[in-house]
Each structure stands twice: as C-alpha cells, then as structure tokens.
file start37.cif (mmCIF, C-alpha atoms)
data_coords
#
loop_
_atom_site.label_atom_id
_atom_site.label_comp_id
_atom_site.auth_asym_id
_atom_site.auth_seq_id
_atom_site.Cartn_x
_atom_site.Cartn_y
_atom_site.Cartn_z
CA MET A 1 -16.45 -12.39 -8.58
CA GLN A 2 -13.53 -10.72 -10.33
CA ASN A 3 -10.01 -10.29 -8.96
CA PHE A 4 -7.74 -7.42 -9.97
CA THR A 5 -4.20 -6.62 -8.95
CA GLY A 6 -3.13 -2.99 -9.28
CA ASP A 7 -5.09 -0.57 -11.46
CA ALA A 8 -8.07 -2.02 -13.35
CA GLU A 9 -11.22 -1.02 -15.21
CA PHE A 10 -14.50 -2.67 -16.20
CA GLN A 11 -17.92 -1.77 -17.56
CA ALA A 12 -21.15 -2.11 -15.57
CA LYS A 13 -24.81 -1.25 -16.06
CA LEU A 14 -26.95 1.34 -14.33
CA GLY A 15 -28.64 -0.12 -11.24
CA GLU A 16 -26.02 -2.78 -10.49
CA HIS A 17 -24.40 -3.09 -7.06
CA TYR A 18 -20.89 -4.23 -6.19
CA VAL A 19 -18.88 -4.78 -3.05
CA VAL A 20 -15.22 -4.03 -3.67
CA LYS A 21 -12.73 -5.74 -1.36
CA MET A 22 -9.33 -4.09 -1.10
CA THR A 23 -6.51 -6.11 0.42
CA ALA A 24 -3.20 -4.59 1.47
CA SER A 25 -0.65 -7.25 2.36
CA ASP A 26 3.04 -7.33 3.21
CA THR A 27 4.87 -10.17 4.95
CA ASP A 28 6.82 -7.55 6.94
CA GLY A 29 3.57 -5.99 8.14
CA VAL A 30 0.90 -3.53 7.05
CA HIS A 31 0.70 -0.36 9.13
CA GLU A 32 -2.24 1.36 7.43
CA ALA A 33 -4.74 0.84 4.61
CA SER A 34 -7.51 3.01 3.20
CA VAL A 35 -10.17 2.92 0.51
CA SER A 36 -12.44 5.65 -0.89
CA ASP A 37 -14.57 6.29 -3.94
CA SER A 38 -15.37 9.11 -6.33
CA VAL A 39 -18.63 9.13 -8.30
CA ALA A 40 -19.73 11.17 -11.35
CA TRP A 41 -22.53 10.84 -13.92
CA SER A 42 -24.47 12.71 -16.58
CA CYS A 43 -28.01 12.77 -17.88
CA LYS A 44 -29.52 14.27 -21.02
CA GLN A 45 -32.83 15.74 -22.16
CA GLY A 46 -32.72 16.57 -25.86
CA ASN A 47 -29.57 18.65 -26.32
CA VAL A 48 -29.37 19.65 -22.65
CA VAL A 49 -26.84 17.77 -20.53
CA GLU A 50 -27.02 17.66 -16.75
CA SER A 51 -23.83 16.51 -15.04
CA GLU A 52 -23.04 15.50 -11.50
CA PRO A 53 -19.37 16.41 -10.96
CA PRO A 54 -17.10 13.92 -9.18
CA THR A 55 -17.99 13.66 -5.51
CA LEU A 56 -15.73 11.99 -3.01
CA GLY A 57 -17.07 9.42 -0.60
CA VAL A 58 -15.97 9.17 3.01
CA PRO A 59 -12.65 7.29 3.18
CA ILE A 60 -12.47 4.10 5.20
CA ALA A 61 -9.13 3.56 6.94
CA GLU A 62 -7.61 1.05 9.31
CA THR A 63 -4.30 1.38 11.19
CA HIS A 64 -2.31 -1.29 13.02
CA ASP A 65 0.73 -0.86 15.22
CA VAL A 66 3.37 -3.39 16.19
CA TRP A 67 1.96 -5.67 18.88
CA PRO A 68 3.74 -5.80 22.27
CA SER A 69 5.01 -9.26 21.28
CA GLY A 70 6.76 -7.69 18.27
CA GLN A 71 4.40 -9.28 15.75
CA VAL A 72 2.66 -7.30 13.03
CA CYS A 73 -0.52 -7.67 11.00
CA SER A 74 0.46 -8.95 7.55
CA SER A 75 -2.73 -7.85 5.77
CA ILE A 76 -5.70 -5.52 6.06
CA GLU A 77 -8.96 -6.02 4.15
CA LEU A 78 -11.39 -3.15 3.59
CA PHE A 79 -14.75 -3.15 1.80
CA GLU A 80 -16.43 -0.42 -0.26
CA ASP A 81 -20.09 -0.66 -1.31
CA VAL A 82 -20.63 0.62 -4.85
CA ASP A 83 -24.25 1.31 -5.76
CA LEU A 84 -24.77 2.26 -9.41
CA ALA A 85 -28.30 3.62 -8.93
CA PHE A 86 -27.69 7.13 -10.24
CA SER A 87 -30.73 9.39 -10.48
CA CYS A 88 -31.53 12.09 -13.02
CA SER A 89 -33.87 15.07 -12.82
CA ALA A 90 -37.42 14.60 -14.10
CA GLY A 91 -37.44 14.24 -17.90
CA TYR A 92 -33.72 13.49 -18.18
CA GLN A 93 -32.21 10.16 -19.26
CA PHE A 94 -29.05 8.68 -17.76
CA THR A 95 -26.23 8.69 -20.37
CA SER A 96 -23.04 7.65 -18.56
CA GLY A 97 -21.28 7.52 -15.25
CA SER A 98 -18.15 6.33 -13.52
CA VAL A 99 -16.97 5.28 -10.10
CA GLU A 100 -13.32 5.28 -9.09
CA VAL A 101 -12.43 3.20 -6.05
CA ARG A 102 -8.96 4.07 -4.78
CA GLY A 103 -7.05 1.99 -2.29
CA SER A 104 -3.69 2.41 -0.62
CA GLY A 105 -1.57 0.47 1.81
CA GLU A 106 1.50 1.47 3.81
CA ASN A 107 3.98 -0.86 5.47
CA PHE A 108 6.08 -0.16 8.58
CA PHE A 109 8.97 1.13 6.45
CA ASN A 110 6.86 3.93 4.87
CA GLY A 111 6.49 2.04 1.60
CA VAL A 112 3.16 2.99 0.01
CA THR A 113 1.26 1.15 -2.72
CA LYS A 114 -1.81 2.60 -4.44
CA ALA A 115 -4.34 1.18 -6.88
CA LYS A 116 -7.45 2.43 -8.64
CA LEU A 117 -10.47 0.49 -9.88
CA THR A 118 -12.57 2.39 -12.45
CA ILE A 119 -16.12 1.24 -13.10
CA ASN A 120 -17.60 2.78 -16.27
CA VAL A 121 -21.39 2.78 -16.10
CA VAL A 122 -23.69 2.54 -19.13
CA PRO A 123 -27.50 2.63 -19.37
#

call {"tool": "encode", "arguments": {"input": "start37.cif", "output": "structure tokens"}}
result
Amino acid sequence: MQNFTGDAEFQAKLGEHYVVKMTASDTDGVHEASVSDSVAWSCKQGNVVESEPPTLGVPIAETHDVWPSGQVCSSIELFEDVDLAFSCSAGYQFTSGSVEVRGSGENFFNGVTKAKLTINVVP
C-alpha cells in the first residue's frame, strides 16, 4: 500500500491491478467528492504504432448535506478500480500506457481541492 497526498505519480507493469482510495476530508464538513479516471495506451508492430487515445471513465461522486441536527460529514472516501490489462490488436506489442485518476472534494464553503494520480505503465 502506498499513500499520496496531492498530485503523485508512479510506475506500474502491464497486467497489474490497483484499487485507488480517494479521501476528501475537512473538519468543517465535506459537501461533495468525486473520482474518475482517464486511460490511454499504445502498441507497436514494426514501425507501425497503434494508439488508444485517452478515454474517460464514468465518474463516481458522493454528496452530503448538513444533517437536521446541524452536523456534517467530515470525510468522504471513494474507490476507483484500476486494471492495467491493456490489449493490442493481433501482432502488435504493448509499448506504453498511462492512467490518470483525478479526485476532487468540495466543502460547505465552496472550497475545492483537486488531486491527480498518474500511473505510467510499462511492459
């Protein structure tokens, strides 16, 4: 397990799988949090390169309002599955890929914090 605060980057290998946990926390309350990913990769056969342009995954979001008692939720945790099993056309070899997992959190005073985790994928 690795912990990152803010933007971060690491290298991984083709075929690995990760579960990214994004935590938005604020002692004055978290109103909304979201996480999404973007995936791109390329493959090569001789001098011919086949690329998969960045594709956006479906965002996951959670929203909390102030409870009737006046209390607020001080953190929201969201999870994003990252599967690095990229496939190439017949005869092509995987050369590189990347996954960007973006998270954001908003408090009840419209303060927004964003972070990006970049996973660079090698054969």

call {"tool": "resolve_selection", "arguments": {"input": "start37.cif", "expression": "the PyMOL selection byres ((chain A and resi 118) around 8)", "output": "list in words"}}
result
Ala8, Glu9, Phe10, Ser98, Val99, Glu100, Val101, Lys116, Leu117, Ile119 and Asn120 of chain A

call {"tool": "atom_distance", "arguments": {"input": "start37.cif", "atom1": "atom CA of Glu16 of chain A", "atom2": "atom CA of Asn47 of chain A"}}
result
26.9 Å

call {"tool": "closest_residue", "arguments": {"input": "start37.cif", "among": "A:Asn110, A:Ser96, A:Thr5, A:Thr27", "to": "Val39 of chain A", "atoms": "all atoms listed in the file"}}
result
A:Ser96

call {"tool": "residues_around", "arguments": {"input": "start37.cif", "residues": "Val19 of chain A", "least_positions_apart": "4", "cutoff": "10 Å", "atoms": "only C-alpha atoms", "output": "list of chain:residue names"}}
result
A:Met1, A:Phe79, A:Glu80, A:Asp81, A:Val82, A:Asp83

call {"tool": "write_last_selection", "arguments": {"input": "start37.cif", "atoms": "C-alpha atoms", "output": "short mmCIF file (atom, residue, chain, number, x, y, z; two decimals), keeping the file's coordinate frame"}}
result
data_model
loop_
_atom_site.label_atom_id
_atom_site.label_comp_id
_atom_site.auth_asym_id
_atom_site.auth_seq_id
_atom_site.Cartn_x
_atom_site.Cartn_y
_atom_site.Cartn_z
CA MET A 1 -16.45 -12.39 -8.58
CA PHE A 79 -14.75 -3.15 1.80
CA GLU A 80 -16.43 -0.42 -0.26
CA ASP A 81 -20.09 -0.66 -1.31
CA VAL A 82 -20.63 0.62 -4.85
CA ASP A 83 -24.25 1.31 -5.76
#

call {"tool": "resolve_selection", "arguments": {"input": "start37.cif", "expression": "the PyMOL selection byres ((chain A and resi 36) around 7)", "output": "PyMOL selection string"}}
result
chain A and resi 34-35+37+57-60+101-103

call {"tool": "residues_around", "arguments": {"input": "start37.cif", "residues": "Asp65 of chain A", "least_positions_apart": "5", "cutoff": "9 Å", "atoms": "all atoms listed in the file", "output": "list in words"}}
result
Val30, His31, Glu32, Val72, Cys73 and Phe108 of chain A

call {"tool": "closest_residue", "arguments": {"input": "start37.cif", "among": "A:Thr63, A:Ser38, A:Gln2, A:Ser87", "to": "Gly15 of chain A", "atoms": "all atoms listed in the file"}}
result
A:Ser87

call {"tool": "atom_distance", "arguments": {"input": "start37.cif", "atom1": "atom CA of Gly105 of chain A", "atom2": "atom CA of Trp67 of chain A"}}
result
18.5 Å

call {"tool": "resolve_selection", "arguments": {"input": "start37.cif", "expression": "the PyMOL selection byres ((chain A and resi 40) around 6)", "output": "PyMOL selection string"}}
result
chain A and resi 39+41+52-54+97-98

call {"tool": "write_last_selection", "arguments": {"input": "start37.cif", "atoms": "C-alpha atoms", "output": "mmCIF file, in the frame of the given file"}}
result
data_model
loop_
_atom_site.group_PDB
_atom_site.id
_atom_site.type_symbol
_atom_site.label_atom_id
_atom_site.label_comp_id
_atom_site.auth_asym_id
_atom_site.auth_seq_id
_atom_site.Cartn_x
_atom_site.Cartn_y
_atom_site.Cartn_z
ATOM 1 C CA VAL A 39 -18.630 9.130 -8.300
ATOM 2 C CA TRP A 41 -22.530 10.840 -13.920
ATOM 3 C CA GLU A 52 -23.040 15.500 -11.500
ATOM 4 C CA PRO A 53 -19.370 16.410 -10.960
ATOM 5 C CA PRO A 54 -17.100 13.920 -9.180
ATOM 6 C CA GLY A 97 -21.280 7.520 -15.250
ATOM 7 C CA SER A 98 -18.150 6.330 -13.520
#

call {"tool": "atom_distance", "arguments": {"input": "start37.cif", "atom1": "atom CA of Ser25 of chain A", "atom2": "atom CA of Asp7 of chain A"}}
result
16.0 Å

call {"tool": "residues_around", "arguments": {"input": "start37.cif", "residues": "Lys13 of chain A", "least_positions_apart": "6", "cutoff": "7 Å", "atoms": "all atoms listed in the file", "output": "PyMOL selection string"}}
result
chain A and resi 121-123

call {"tool": "write_last_selection", "arguments": {"input": "start37.cif", "atoms": "C-alpha atoms", "output": "PDB file, keeping the file's coordinate frame"}}
result
ATOM      1  CA  VAL A 121     -21.390   2.780 -16.100  1.00  0.00           C
ATOM      2  CA  VAL A 122     -23.690   2.540 -19.130  1.00  0.00           C
ATOM      3  CA  PRO A 123     -27.500   2.630 -19.370  1.00  0.00           C
TER       4      PRO A 123
END

call {"tool": "closest_residue", "arguments": {"input": "start37.cif", "among": "A:Ser51, A:Ala12, A:Asp28, A:Gly111", "to": "Val66 of chain A", "atoms": "all atoms listed in the file"}}
result
A:Asp28

call {"tool": "build_atoms", "arguments": {"input": "start37.cif", "residues": "segment 59-73 of chain A", "atoms": "N, CA, C and O atoms", "output": "PDB file, in the frame of the given file"}}
result
ATOM      1  N   PRO A  59     -13.656   8.350   3.170  1.00  0.00           N
ATOM      2  CA  PRO A  59     -12.650   7.290   3.180  1.00  0.00           C
ATOM      3  C   PRO A  59     -12.817   6.346   4.369  1.00  0.00           C
ATOM      4  O   PRO A  59     -13.240   6.750   5.446  1.00  0.00           O
ATOM      5  N   ILE A  60     -12.492   5.103   4.143  1.00  0.00           N
ATOM      6  CA  ILE A  60     -12.470   4.100   5.200  1.00  0.00           C
ATOM      7  C   ILE A  60     -11.000   3.756   5.419  1.00  0.00           C
ATOM      8  O   ILE A  60     -10.281   3.468   4.459  1.00  0.00           O
ATOM      9  N   ALA A  61     -10.541   3.824   6.655  1.00  0.00           N
ATOM     10  CA  ALA A  61      -9.130   3.560   6.940  1.00  0.00           C
ATOM     11  C   ALA A  61      -8.991   2.663   8.162  1.00  0.00           C
ATOM     12  O   ALA A  61      -9.848   2.665   9.047  1.00  0.00           O
ATOM     13  N   GLU A  62      -7.915   1.910   8.171  1.00  0.00           N
ATOM     14  CA  GLU A  62      -7.610   1.050   9.310  1.00  0.00           C
ATOM     15  C   GLU A  62      -6.103   1.120   9.548  1.00  0.00           C
ATOM     16  O   GLU A  62      -5.319   1.049   8.598  1.00  0.00           O
ATOM     17  N   THR A  63      -5.720   1.276  10.825  1.00  0.00           N
ATOM     18  CA  THR A  63      -4.300   1.380  11.190  1.00  0.00           C
ATOM     19  C   THR A  63      -3.964   0.326  12.231  1.00  0.00           C
ATOM     20  O   THR A  63      -4.739   0.081  13.151  1.00  0.00           O
ATOM     21  N   HIS A  64      -2.806  -0.296  12.056  1.00  0.00           N
ATOM     22  CA  HIS A  64      -2.310  -1.290  13.020  1.00  0.00           C
ATOM     23  C   HIS A  64      -0.899  -0.893  13.445  1.00  0.00           C
ATOM     24  O   HIS A  64      -0.105  -0.426  12.639  1.00  0.00           O
ATOM     25  N   ASP A  65      -0.607  -1.093  14.694  1.00  0.00           N
ATOM     26  CA  ASP A  65       0.730  -0.860  15.220  1.00  0.00           C
ATOM     27  C   ASP A  65       1.382  -2.207  15.523  1.00  0.00           C
ATOM     28  O   ASP A  65       0.720  -3.245  15.528  1.00  0.00           O
ATOM     29  N   VAL A  66       2.663  -2.170  15.795  1.00  0.00           N
ATOM     30  CA  VAL A  66       3.370  -3.390  16.190  1.00  0.00           C
ATOM     31  C   VAL A  66       2.810  -3.843  17.530  1.00  0.00           C
ATOM     32  O   VAL A  66       2.630  -3.042  18.451  1.00  0.00           O
ATOM     33  N   TRP A  67       2.494  -5.128  17.641  1.00  0.00           N
ATOM     34  CA  TRP A  67       1.960  -5.670  18.880  1.00  0.00           C
ATOM     35  C   TRP A  67       3.073  -5.730  19.929  1.00  0.00           C
ATOM     36  O   TRP A  67       4.266  -5.813  19.590  1.00  0.00           O
ATOM     37  N   PRO A  68       2.717  -5.712  21.208  1.00  0.00           N
ATOM     38  CA  PRO A  68       3.740  -5.800  22.270  1.00  0.00           C
ATOM     39  C   PRO A  68       4.669  -7.008  22.110  1.00  0.00           C
ATOM     40  O   PRO A  68       5.826  -6.963  22.497  1.00  0.00           O
ATOM     41  N   SER A  69       4.180  -8.067  21.493  1.00  0.00           N
ATOM     42  CA  SER A  69       5.010  -9.260  21.280  1.00  0.00           C
ATOM     43  C   SER A  69       5.998  -9.078  20.138  1.00  0.00           C
ATOM     44  O   SER A  69       6.830  -9.940  19.893  1.00  0.00           O
ATOM     45  N   GLY A  70       5.881  -7.941  19.410  1.00  0.00           N
ATOM     46  CA  GLY A  70       6.760  -7.690  18.270  1.00  0.00           C
ATOM     47  C   GLY A  70       6.184  -8.153  16.945  1.00  0.00           C
ATOM     48  O   GLY A  70       6.762  -7.912  15.891  1.00  0.00           O
ATOM     49  N   GLN A  71       5.037  -8.819  16.986  1.00  0.00           N
ATOM     50  CA  GLN A  71       4.400  -9.280  15.750  1.00  0.00           C
ATOM     51  C   GLN A  71       3.662  -8.122  15.084  1.00  0.00           C
ATOM     52  O   GLN A  71       3.327  -7.120  15.723  1.00  0.00           O
ATOM     53  N   VAL A  72       3.397  -8.307  13.783  1.00  0.00           N
ATOM     54  CA  VAL A  72       2.660  -7.300  13.030  1.00  0.00           C
ATOM     55  C   VAL A  72       1.546  -7.975  12.229  1.00  0.00           C
ATOM     56  O   VAL A  72       1.603  -9.170  11.954  1.00  0.00           O
ATOM     57  N   CYS A  73       0.572  -7.196  11.860  1.00  0.00           N
ATOM     58  CA  CYS A  73      -0.520  -7.670  11.000  1.00  0.00           C
ATOM     59  C   CYS A  73       0.017  -7.707   9.573  1.00  0.00           C
ATOM     60  O   CYS A  73       0.545  -6.705   9.089  1.00  0.00           O
TER      61      CYS A  73
END
